[in-house]
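A.B. asks: Handing you a structure now.
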Amino acid sequence: MKSLNNINPGENARIGQILMGGSMRRRLLDIGLTPDTYVECVGKSPGGDPKAFLIRGAVIAIRSEDCADILIN
């Protein structure tokens, strides 16, 4: 399966599964990043990490190590 790392600025994806646990999982769920949520990559830093995603009307930056644990459909 693909992860959130596989989308580039201007592309959309639907969240399939969040594999991580602990406080980071809780933070993502609290901001609305849940299965079946549509997200759009709106930018990335010059070095490529982190990327910025539009999630339910808010732009959130997520590091690539965390994006690897977020699977998309």
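Following the order of the structure tokens, first chain is A, next is B, and so on, with residues numbered from 1 inside each chain and ligands from 1 in the order they appear.
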Out of chain A, which residues get strand (DSSP E or B) from DSSP, as a list in words?
C.D. replies: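 Written out, the strand (DSSP E or B) residues of chain A are Lys2, Ser3, Asn12, Ala13, Arg14, Ile15, Gly16, Gln17, Ile18, Tyr38, Val39, Glu40, Cys41, Val42, Gly43, Lys44, Lys51, Ala52, Phe53, Leu54, Ile55, Ala58, Val59, Ile60, Ala61, Ile62, Ile70, Leu71 and Ile72 of chain A.
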A.B. asks: Please provide the set of residues having any atom within 12 Å of A:Arg27, restricted to only C-alpha atoms, with same-chain residues fewer than 4 positions apart removed, written as a ChimeraX atom specification.
C.D. replies: /A:18,20-23,31-34,60,62,66
A.B. asks: If I take atom CA of A:Gly16 and atom CA of A:Ser45, how far is one from the other in Å, to one decimal?
C.D. replies: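 Answer for the atom CA of A:Gly16 to atom CA of A:Ser45 separation: 24.7 Å.
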A.B. asks: May I ask for the distance between atom CA of A:Arg26 and atom CA of A:Pro46, given in Å to one decimal place?
C.D. replies: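 Atom-to-atom, atom CA of A:Arg26 to atom CA of A:Pro46, that is 28.0 Å.
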A.B. asks: Going by DSSP on the backbone, which bits of chain A are alpha helix (DSSP H)? Write them as a list of chain:residue names, please.
C.D. replies: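 These are the residues in question: A:Gly22, A:Ser23, A:Met24, A:Arg25, A:Arg26, A:Arg27, A:Leu28, A:Leu29, A:Asp30, A:Ser64, A:Glu65, A:Asp66, A:Cys67.
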A.B. asks: Take the residues from that selection and write them out as a PDB file, in the first residue's frame, keeping N, CA and C atoms.
C.D. replies:
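Output (out-v8.pdb):
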```pdb
ATOM      1  N   GLY A  22       0.162   5.631  20.217  1.00  0.00           N
ATOM      2  CA  GLY A  22       0.644   6.605  21.183  1.00  0.00           C
ATOM      3  C   GLY A  22       0.121   8.008  20.978  1.00  0.00           C
ATOM      4  N   SER A  23       0.904   8.967  21.455  1.00  0.00           N
ATOM      5  CA  SER A  23       0.458  10.359  21.460  1.00  0.00           C
ATOM      6  C   SER A  23       0.361  10.952  20.060  1.00  0.00           C
ATOM      7  N   MET A  24       1.216  10.524  19.139  1.00  0.00           N
ATOM      8  CA  MET A  24       1.136  11.051  17.769  1.00  0.00           C
ATOM      9  C   MET A  24      -0.157  10.616  17.101  1.00  0.00           C
ATOM     10  N   ARG A  25      -0.557   9.377  17.305  1.00  0.00           N
ATOM     11  CA  ARG A  25      -1.835   8.904  16.754  1.00  0.00           C
ATOM     12  C   ARG A  25      -2.978   9.736  17.318  1.00  0.00           C
ATOM     13  N   ARG A  26      -2.947   9.981  18.612  1.00  0.00           N
ATOM     14  CA  ARG A  26      -3.990  10.770  19.264  1.00  0.00           C
ATOM     15  C   ARG A  26      -4.058  12.184  18.682  1.00  0.00           C
ATOM     16  N   ARG A  27      -2.902  12.803  18.451  1.00  0.00           N
ATOM     17  CA  ARG A  27      -2.864  14.146  17.862  1.00  0.00           C
ATOM     18  C   ARG A  27      -3.480  14.166  16.470  1.00  0.00           C
ATOM     19  N   LEU A  28      -3.114  13.172  15.651  1.00  0.00           N
ATOM     20  CA  LEU A  28      -3.655  13.115  14.299  1.00  0.00           C
ATOM     21  C   LEU A  28      -5.162  12.918  14.303  1.00  0.00           C
ATOM     22  N   LEU A  29      -5.641  12.050  15.174  1.00  0.00           N
ATOM     23  CA  LEU A  29      -7.082  11.835  15.277  1.00  0.00           C
ATOM     24  C   LEU A  29      -7.786  13.103  15.761  1.00  0.00           C
ATOM     25  N   ASP A  30      -7.167  13.819  16.685  1.00  0.00           N
ATOM     26  CA  ASP A  30      -7.762  15.052  17.224  1.00  0.00           C
ATOM     27  C   ASP A  30      -7.898  16.146  16.170  1.00  0.00           C
ATOM     28  N   SER A  64       8.035  13.253   7.424  1.00  0.00           N
ATOM     29  CA  SER A  64       7.993  12.066   6.561  1.00  0.00           C
ATOM     30  C   SER A  64       7.997  10.768   7.364  1.00  0.00           C
ATOM     31  N   GLU A  65       8.667  10.736   8.518  1.00  0.00           N
ATOM     32  CA  GLU A  65       8.660   9.507   9.316  1.00  0.00           C
ATOM     33  C   GLU A  65       7.258   9.193   9.839  1.00  0.00           C
ATOM     34  N   ASP A  66       6.465  10.227  10.089  1.00  0.00           N
ATOM     35  CA  ASP A  66       5.074  10.009  10.514  1.00  0.00           C
ATOM     36  C   ASP A  66       4.183   9.697   9.306  1.00  0.00           C
ATOM     37  N   CYS A  67       4.447  10.346   8.174  1.00  0.00           N
ATOM     38  CA  CYS A  67       3.676  10.068   6.952  1.00  0.00           C
ATOM     39  C   CYS A  67       3.805   8.607   6.526  1.00  0.00           C
TER      40      CYS A  67
END
```
A.B. asks: Name the residues in contact with A:Lys51 at a cut-off of 6 Å, using only C-alpha atoms, excluding same-chain residues fewer than 5 positions from it; report them as a CSV table (one decimal) with C-alpha atoms, in the first residue's frame.
C.D. replies:
```
chain,number,residue,atom,x,y,z
A,43,GLY,CA,3.4,22.1,-0.1
A,44,LYS,CA,6.7,20.8,1.2
A,61,ALA,CA,2.8,19.9,8.5
A,62,ILE,CA,3.6,16.3,9.0
```
A.B. asks: Could you pull the residues within 12 Å of A:Asp36, counting only C-alpha atoms, minus those fewer than 5 positions along the same chain, as a short mmCIF file (atom, residue, chain, number, x, y, z; two decimals) with C-alpha atoms, in the first residue's frame?
C.D. replies:
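File written: part06.cif
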```cif
data_model
loop_
_atom_site.label_atom_id
_atom_site.label_comp_id
_atom_site.auth_asym_id
_atom_site.auth_seq_id
_atom_site.Cartn_x
_atom_site.Cartn_y
_atom_site.Cartn_z
CA ALA A 13 -5.59 11.09 -1.27
CA ARG A 14 -8.04 9.34 1.02
CA ILE A 15 -6.73 8.06 4.33
CA GLY A 16 -6.93 4.29 4.61
CA GLN A 17 -5.28 3.37 7.89
CA ILE A 18 -3.13 4.96 10.59
CA ILE A 55 -6.99 18.36 6.40
CA ARG A 56 -10.62 19.39 6.97
CA ILE A 70 -0.33 6.79 7.38
CA LEU A 71 -1.61 4.56 4.57
CA ILE A 72 -3.71 5.96 1.72
CA ASN A 73 -6.15 4.47 -0.77
#
```
A.B. asks: Go ahead and compute the interatomic distance for atom CA of A:Leu4 and atom CA of A:Cys41, in Å to one decimal.
C.D. replies: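 Atom-to-atom, atom CA of A:Leu4 and atom CA of A:Cys41 are spaced 8.9 Å apart.
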A.B. asks: Counting only C-alpha atoms, figure out which residue out of A:Ala58, A:Gly47, A:Leu19, A:Glu40 gets nearest to A:Asn6.
C.D. replies: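 For A:Asn6, the nearest of the candidates is A:Glu40.
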